[in-house]
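Asker: Got my_file_35.cif for you, mmCIF, C-alpha atoms and all ligand atoms:
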data_coords
#
loop_
_atom_site.label_atom_id
_atom_site.label_comp_id
_atom_site.auth_asym_id
_atom_site.auth_seq_id
_atom_site.Cartn_x
_atom_site.Cartn_y
_atom_site.Cartn_z
CA MET A 208 114.22 86.05 86.77
CA LYS A 209 117.00 88.49 85.99
CA VAL A 210 118.70 90.29 88.85
CA VAL A 211 120.14 93.66 87.91
CA HIS A 212 122.04 96.06 90.08
CA ASN A 213 122.44 99.12 87.92
CA ILE A 214 120.10 101.52 86.22
CA GLN A 215 121.56 101.22 82.73
CA GLU A 216 121.24 97.45 82.82
CA LEU A 217 117.65 97.80 84.01
CA ARG A 218 116.83 100.18 81.15
CA ASP A 219 118.44 97.78 78.65
CA GLN A 220 116.31 94.92 79.99
CA LEU A 221 113.12 96.95 79.76
CA GLN A 222 113.80 98.54 76.38
CA GLY A 223 110.56 98.82 74.38
CA GLN A 224 108.34 97.53 77.21
CA THR A 225 105.21 99.65 77.61
CA ARG A 226 103.20 97.66 80.17
CA VAL A 227 105.66 97.28 83.02
CA ALA A 228 104.07 96.56 86.42
CA PHE A 229 106.26 97.56 89.35
CA VAL A 230 106.47 96.58 93.01
CA PRO A 231 108.91 98.66 95.08
CA THR A 232 110.08 97.00 98.32
CA MET A 233 112.83 97.21 100.89
CA GLY A 234 113.26 93.44 100.80
CA ASN A 235 113.03 90.87 103.57
CA LEU A 236 110.09 89.57 101.61
CA HIS A 237 107.12 87.84 103.18
CA ARG A 238 103.77 86.61 101.87
CA ALA A 239 102.33 90.13 101.63
CA HIS A 240 105.12 91.29 99.27
CA LEU A 241 104.68 88.20 97.12
CA ASP A 242 100.94 88.93 96.92
CA LEU A 243 101.71 92.46 95.66
CA MET A 244 103.78 90.85 92.92
CA LYS A 245 100.90 88.51 92.02
CA LEU A 246 98.57 91.50 91.72
CA ALA A 247 101.18 93.27 89.57
CA ARG A 248 101.26 90.27 87.28
CA GLN A 249 97.51 90.59 86.69
CA HIS A 250 97.87 94.21 85.62
CA GLY A 251 101.00 94.36 83.50
CA ASP A 252 103.83 92.52 81.89
CA PRO A 253 106.68 92.22 82.64
CA VAL A 254 106.70 92.59 86.42
CA VAL A 255 109.67 94.41 87.95
CA ALA A 256 110.31 94.37 91.70
CA SER A 257 112.90 96.45 93.46
CA ILE A 258 114.73 95.86 96.70
CA PHE A 259 116.38 98.93 98.15
CA VAL A 260 116.66 99.91 101.81
CA ASN A 261 116.24 103.64 101.44
CA ARG A 262 118.32 105.56 103.96
CA LEU A 263 116.42 108.80 103.26
CA GLN A 264 113.22 107.54 104.85
CA PHE A 265 114.78 106.49 108.18
CA GLY A 266 115.14 108.93 111.06
CA PRO A 267 118.46 109.20 112.93
CA ASN A 268 117.29 106.91 115.76
CA GLU A 269 115.47 104.41 113.57
CA ASP A 270 116.43 100.94 112.36
CA PHE A 271 118.26 101.67 109.07
CA ASP A 272 121.42 99.83 110.13
CA ARG A 273 119.68 96.76 111.48
CA TYR A 274 116.92 96.60 108.84
CA PRO A 275 117.10 92.98 107.60
CA ARG A 276 118.94 92.65 104.28
CA THR A 277 118.22 89.21 102.86
CA LEU A 278 118.73 89.56 99.11
CA GLN A 279 119.52 85.91 98.39
CA ASP A 280 116.53 84.57 100.29
CA ASP A 281 114.31 87.22 98.71
CA ALA A 282 115.48 86.31 95.20
CA ALA A 283 114.83 82.62 95.93
CA LYS A 284 111.27 83.38 97.08
CA MET A 285 110.58 85.37 93.91
CA GLU A 286 112.06 82.64 91.71
CA GLN A 287 109.71 80.16 93.32
CA GLU A 288 106.61 82.29 92.73
CA ARG A 289 107.58 83.05 89.12
CA ASP A 290 105.77 86.39 89.00
CA VAL A 291 108.76 88.69 88.65
CA TYR A 292 110.79 89.08 85.48
CA VAL A 293 113.38 91.59 86.70
CA LEU A 294 114.57 92.15 90.24
CA PHE A 295 116.21 95.56 90.51
CA ALA A 296 118.51 95.62 93.54
CA PRO A 297 120.64 98.77 93.31
CA SER A 298 123.41 99.67 95.74
CA GLU A 299 123.23 102.91 97.66
CA ARG A 300 125.90 104.36 95.42
CA GLU A 301 123.81 103.49 92.35
CA MET A 302 120.70 105.21 93.69
CA TYR A 303 122.47 108.11 95.37
CA PRO A 304 125.78 108.65 93.52
CA GLU A 305 125.86 112.16 94.93
CA PRO A 306 124.08 113.57 97.99
CA GLN A 307 120.38 113.67 97.16
CA SER A 308 119.86 117.40 97.59
CA PHE A 309 116.76 117.58 95.37
CA ARG A 310 113.89 116.10 97.37
CA VAL A 311 110.16 115.66 96.95
CA SER A 312 108.26 117.03 99.96
CA PRO A 313 104.61 116.21 100.46
CA PRO A 314 102.40 119.05 101.73
CA ASP A 315 102.30 119.39 105.52
CA HIS A 316 98.56 118.64 105.76
CA LEU A 317 99.35 115.15 104.52
CA GLY A 318 103.05 114.62 105.17
CA ARG A 319 103.28 116.00 108.73
CA ILE A 320 100.28 114.30 110.31
CA LEU A 321 100.06 110.81 111.90
CA GLU A 322 103.19 108.94 110.67
CA GLY A 323 104.69 112.21 109.45
CA HIS A 324 104.31 113.76 112.90
CA PHE A 325 106.28 110.97 114.56
CA ARG A 326 108.66 110.35 111.63
CA PRO A 327 109.23 113.86 110.26
CA ASP A 328 111.43 112.96 107.25
CA PHE A 329 109.74 109.71 106.39
CA PHE A 330 107.42 110.76 103.58
CA GLU A 331 109.97 113.05 101.97
CA GLY A 332 112.32 110.06 101.87
CA VAL A 333 109.62 107.79 100.48
CA CYS A 334 108.49 110.25 97.79
CA THR A 335 112.04 110.99 96.71
CA VAL A 336 112.99 107.34 96.29
CA VAL A 337 109.66 106.35 94.71
CA LEU A 338 110.01 109.13 92.14
CA LYS A 339 113.56 107.98 91.38
CA LEU A 340 112.48 104.35 91.14
CA PHE A 341 109.62 105.32 88.82
CA SER A 342 112.12 107.19 86.68
CA CYS A 343 114.37 104.10 86.51
CA VAL A 344 111.60 101.55 85.87
CA GLN A 345 109.06 103.73 83.99
CA PRO A 346 106.17 101.49 85.00
CA LYS A 347 102.63 101.72 83.69
CA VAL A 348 101.30 100.31 86.96
CA ALA A 349 102.78 100.28 90.48
CA VAL A 350 101.47 98.27 93.43
CA PHE A 351 101.54 99.34 97.09
CA GLY A 352 100.09 97.67 100.19
CA LYS A 353 97.26 99.22 102.19
CA LYS A 354 99.08 98.40 105.41
CA ASP A 355 101.09 101.59 104.83
CA TYR A 356 97.85 103.49 104.35
CA GLN A 357 99.24 107.01 104.56
CA GLN A 358 102.20 106.12 102.34
CA LEU A 359 99.75 104.87 99.70
CA MET A 360 97.85 108.15 99.87
CA VAL A 361 101.03 110.24 99.71
CA VAL A 362 102.30 108.31 96.68
CA ARG A 363 98.91 108.61 94.94
CA GLN A 364 98.84 112.36 95.45
CA MET A 365 102.45 112.74 94.28
CA VAL A 366 101.62 110.78 91.12
CA ARG A 367 98.55 112.94 90.54
CA GLN A 368 100.26 116.29 91.10
CA PHE A 369 103.29 115.44 88.99
CA GLN A 370 100.97 113.88 86.41
CA LEU A 371 103.14 110.79 86.26
CA PRO A 372 101.90 108.24 83.75
CA VAL A 373 101.61 105.53 86.42
CA GLU A 374 98.49 103.87 87.74
CA VAL A 375 98.82 103.17 91.47
CA LEU A 376 97.09 99.99 92.62
CA ALA A 377 96.43 99.11 96.26
CA HIS A 378 96.59 95.61 97.73
CA GLU A 379 94.63 94.74 100.89
CA THR A 380 96.64 94.23 104.06
CA VAL A 381 97.76 90.62 104.37
CA ARG A 382 97.47 89.21 107.89
CA GLU A 383 98.79 86.28 109.85
CA GLU A 384 96.16 83.82 111.12
CA ASP A 385 95.88 85.66 114.42
CA GLY A 386 95.26 88.98 112.66
CA LEU A 387 98.72 90.56 112.91
CA ALA A 388 99.46 92.52 109.72
CA MET A 389 102.49 91.08 107.95
CA SER A 390 105.54 93.31 108.19
CA SER A 391 109.29 92.88 107.94
CA ARG A 392 109.52 94.49 111.37
CA ASN A 393 107.56 91.63 112.98
CA ARG A 394 110.80 89.71 113.02
CA TYR A 395 112.15 92.08 115.69
CA LEU A 396 109.49 90.81 118.14
CA SER A 397 110.45 88.39 120.91
CA PRO A 398 108.18 85.29 121.18
CA GLU A 399 106.26 86.94 124.05
CA GLU A 400 105.86 90.17 122.09
CA ARG A 401 104.81 88.25 118.98
CA ALA A 402 102.02 86.61 121.01
CA GLN A 403 100.88 90.03 122.19
CA ALA A 404 101.27 91.83 118.83
CA PRO A 405 97.77 91.12 117.37
CA GLN A 406 96.38 93.38 120.13
CA ILE A 407 96.96 96.32 117.78
CA TYR A 408 94.55 94.78 115.26
CA TYR A 409 92.02 93.86 117.97
CA ALA A 410 92.10 97.48 119.17
CA LEU A 411 91.24 98.65 115.64
CA GLN A 412 88.37 96.17 115.51
CA GLU A 413 87.15 97.48 118.85
CA MET A 414 87.29 101.04 117.48
CA ASN A 415 84.89 99.87 114.77
CA GLU A 416 82.57 98.27 117.34
CA ARG A 417 82.49 101.51 119.32
CA LEU A 418 81.85 103.49 116.14
CA GLN A 419 78.84 101.27 115.40
CA GLU A 420 77.60 101.76 119.00
CA GLY A 421 77.49 105.50 118.32
CA GLN A 422 80.50 106.74 120.29
CA SER A 423 82.19 109.96 119.18
CA ARG A 424 85.59 110.11 117.49
CA GLU A 425 87.15 111.53 120.66
CA GLU A 426 85.69 108.76 122.84
CA ILE A 427 86.79 106.04 120.43
CA GLU A 428 90.35 107.38 120.15
CA ALA A 429 90.69 107.94 123.91
CA TYR A 430 89.40 104.46 124.70
CA ALA A 431 91.72 102.75 122.22
CA THR A 432 94.75 104.74 123.39
CA LYS A 433 94.07 103.87 127.04
CA LYS A 434 93.41 100.23 126.24
CA MET A 435 96.69 99.86 124.36
CA SER A 436 98.64 101.75 127.02
CA ASP A 437 97.12 99.55 129.74
CA LEU A 438 98.30 96.53 127.76
CA GLY A 439 101.86 97.89 127.90
CA TRP A 440 102.17 99.51 124.47
CA LYS A 441 103.68 102.96 123.99
CA VAL A 442 101.08 104.57 121.76
CA ASP A 443 101.95 107.17 119.11
CA TYR A 444 98.39 107.41 117.83
CA MET A 445 95.08 105.57 117.66
CA ALA A 446 93.22 107.82 115.27
CA LEU A 447 89.90 107.81 113.44
CA ARG A 448 90.17 109.71 110.16
CA ARG A 449 88.42 110.27 106.85
CA GLN A 450 89.61 107.88 104.15
CA SER A 451 89.62 110.70 101.60
CA ASP A 452 92.29 112.93 103.21
CA LEU A 453 93.14 111.48 106.65
CA LEU A 454 91.68 114.54 108.39
CA GLU A 455 89.36 114.31 111.39
CA PRO A 456 85.72 113.64 110.48
CA THR A 457 83.00 115.76 112.06
CA GLU A 458 80.21 113.99 113.96
CA GLU A 459 77.82 114.88 111.12
CA GLN A 460 80.13 113.26 108.59
CA ILE A 461 80.43 110.13 110.72
CA GLN A 462 76.65 109.84 111.05
CA ALA A 463 76.23 110.46 107.30
CA GLY A 464 78.33 107.39 106.50
CA GLU A 465 81.62 109.08 105.53
CA PRO A 466 84.20 106.35 104.72
CA LEU A 467 86.60 106.26 107.66
CA VAL A 468 89.84 104.56 108.57
CA ALA A 469 91.23 103.86 112.02
CA LEU A 470 95.01 104.12 112.06
CA ALA A 471 97.29 102.83 114.79
CA ALA A 472 100.97 103.21 115.57
CA ALA A 473 102.44 101.92 118.80
CA LYS A 474 105.59 100.43 120.21
CA LEU A 475 105.77 97.01 121.79
CA GLY A 476 109.11 96.91 123.57
CA ALA A 477 111.54 98.36 121.04
CA THR A 478 109.44 97.49 117.99
CA ARG A 479 107.12 100.04 116.44
CA LEU A 480 104.14 98.56 114.60
CA ILE A 481 101.49 100.25 112.46
CA ASP A 482 98.14 98.98 111.25
CA ASN A 483 94.81 100.31 110.05
CA LEU A 484 91.21 99.29 109.41
CA GLU A 485 88.67 100.88 107.09
CA MET A 486 85.18 101.37 108.51
CA VAL A 487 81.87 103.16 107.95
CA LYS A 488 79.16 103.95 110.52
CA ALA A 489 76.20 101.83 109.47
O1 LIG A 501 106.88 100.46 101.69
C1 LIG A 501 108.10 100.31 101.49
O2 LIG A 501 108.63 99.20 101.54
C2 LIG A 501 108.96 101.52 101.18
O3 LIG A 501 108.51 102.64 101.87
C3 LIG A 501 109.09 101.81 99.68
C4 LIG A 501 107.74 102.16 99.06
C5 LIG A 501 109.67 100.61 98.97
C6 LIG A 501 110.01 103.01 99.44
O4 LIG A 501 111.29 102.77 99.95
#
Rewrite the coordinates I just gave you, this time as structure tokens.
Answerer:
Amino acid sequence: MKVVHNIQELRDQLQGQTRVAFVPTMGNLHRAHLDLMKLARQHGDPVVASIFVNRLQFGPNEDFDRYPRTLQDDAAKMEQERDVYVLFAPSEREMYPEPQSFRVSPPDHLGRILEGHFRPDFFEGVCTVVLKLFSCVQPKVAVFGKKDYQQLMVVRQMVRQFQLPVEVLAHETVREEDGLAMSSRNRYLSPEERAQAPQIYYALQEMNERLQEGQSREEIEAYATKKMSDLGWKVDYMALRRQSDLLEPTEEQIQAGEPLVALAAAKLGATRLIDNLEMVKA
């Protein structure tokens, strides 16, 4: 695997390649990232992965400064798996040599709801860096995890509206044995919090059970929010939405078998976790 830190070097490495498969990450790699790279390998060649902790997508009170930066360990993990041909790990100065005053803003109906409501600049930061990374790597295929469900949808819509020649592939959420979705932020959890953390996934499963029992969207959301709060979480949202656009489904749509997704975001102590589960009323 070649590790490159600047854009020119990356372009030289990829000269003439027309089937590049790309996995953008912020590093601190775990099994789920490595699985994205495996999927990339099945859909293109060579595989390029990036590691870049993107300041633009962090709010002023978020964890940009303490976000784990573990480049050497990450590179060793990728070497072992042998899926990645080029690791692109640019510095901040390389990606943002001047203040990034041109930005890509998703529409409010997608970018300001759910995550975007609680993290107002998040999707603009994500879109801006993903567009820049796509411009550096020029992939044919790019792989994103379904754990960041709204991010996946935002990126897909950006690609569609800008008519970028990139196919976006989604990888299923990868979970620990107890159901907790893998995330770099899990490492912030204390041992007690780690033991409690799968509750967010169990709450999503319970939302599905209640959906199947015939409860309304409002009842399901209210129940899940109360349950999580009673367990000591600070809930941002426990929401049942349409898979197609993340808007609220009507009762008729639910009964007609509209594909739905339950999305959760809540804080356990100082750590904010997100998760989601797709579901359909049978
Ligand atoms: O999902 C992530 O790790 C980041 O949001 C991404 C897509 C690499 C952009 O910085």
Asker: Can you tell me which residues sit at most 6 Å away from ligand LIG 501 (chain A), counting only C-alpha atoms and all ligand atoms, written as JSON, numbers by chain?
Answerer: {"A": [231, 232, 233, 261, 333, 337]}
Asker: May I ask for the distance between atom CA of Asp270 of chain A and atom CA of Ala472 of chain A, given in Å to one decimal place?
Answerer: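 Distance reported for this atom pair: 16.0 Å.
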Asker: I need the residue nearest Glu216 of chain A from this list: A:Pro456, A:Cys343, A:Glu305, A:Val468. Use all atoms listed in the file for the distance.
Answerer: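 Closest to Glu216 of chain A of all the choices is A:Cys343.
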Asker: What is the distance between atom CA of Asp219 of chain A and atom CA of Leu241 of chain A, in Å to one decimal?
Answerer: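 Atom-to-atom, atom CA of Asp219 of chain A and atom CA of Leu241 of chain A are spaced 24.9 Å apart.
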Asker: Around the point (105.9, 103.0, 78.3) (coordinates from the file), which residues reach within 7 Å if we count only C-alpha atoms? Answer as a CSV table (one decimal) with C-alpha atoms, in the coordinates of the input.
Answerer:
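Result went into result25.csv, see below:
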chain,number,residue,atom,x,y,z
A,224,GLN,CA,108.3,97.5,77.2
A,225,THR,CA,105.2,99.6,77.6
A,226,ARG,CA,103.2,97.7,80.2
A,345,GLN,CA,109.1,103.7,84.0
A,346,PRO,CA,106.2,101.5,85.0
A,347,LYS,CA,102.6,101.7,83.7
Asker: Could you check which of A:Thr380, A:Glu455, A:Gln450, A:Glu420 is closest to Ala489 of chain A, using all atoms listed in the file?
Answerer: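 Residue with the minimum atom-to-atom distance to Ala489 of chain A: A:Glu420.
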Asker: Quick check, in Å to one decimal: how far apart do atom CA of Ile427 of chain A and atom CA of Met414 of chain A lie?
Answerer: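 That distance, rounded to one decimal, is 5.8 Å.
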Asker: Taking 5 positions as the minimum chain separation for residues in the same chain, which residues sit within 12 Å of Tyr409 of chain A when counting all atoms listed in the file? Answer as a VMD selection string.
Answerer: chain A and resid 385 to 388 403 to 404 414 to 416 431 434 to 435 438 469 471 482 to 484
Asker: Please provide as a list of chain:residue names all residues within 10 Å of Phe351 of chain A, with the sequence filter that same-chain residues fewer than 4 positions apart are discarded (counting only C-alpha atoms).
Answerer: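 Surrounding residues, per the criterion: A:Phe229, A:Val230, A:Pro231, A:Thr232, A:His240, A:Leu243, A:Met244, A:Leu246, A:Ala247, A:Asp355, A:Tyr356, A:Gln358, A:Leu359, A:Met360, A:Val362, A:Arg363, A:Val375, A:Leu376, A:Ala377, A:His378, A:Glu379, A:Thr380.
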Asker: Looking at A:Glu322, A:Tyr303, A:Asn235, A:Val311, which one is nearest to Ala282 of chain A, with distances taken over all atoms listed in the file?
Answerer: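 Counting all atoms listed in the file, the residue closest to Ala282 of chain A is A:Asn235.
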Asker: For segment 476-478 of chain A, find every residue with an atom within 7 Å (counting all atoms listed in the file), except residues of its own chain fewer than 2 positions away, and show them as a ChimeraX atom specification.
Answerer: /A:395-396,474,480
Asker: Kindly export the residues of the current selection with C-alpha atoms, as a compact mmCIF listing (two decimals), in the frame of the given file.
Answerer:
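Okay, this is what ended up in selection10.txt:
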# COMPACT_ATOMS: atom_id res chain seq x y z
CA TYR A 395 112.15 92.08 115.69
CA LEU A 396 109.49 90.81 118.14
CA LYS A 474 105.59 100.43 120.21
CA LEU A 480 104.14 98.56 114.60
Asker: Nearest to Gln406 of chain A: which of A:Gln419, A:Thr432, A:Gln364, A:Gln222 is it, counting only C-alpha atoms?
Answerer: A:Thr432
Asker: Counting only C-alpha atoms, find residues at most 10 Å from (115.7, 95.3, 98.1) (file frame) and give them as number ranges by chain.
Answerer: A: 231-236, 256-261, 275-278, 281-282, 294-298
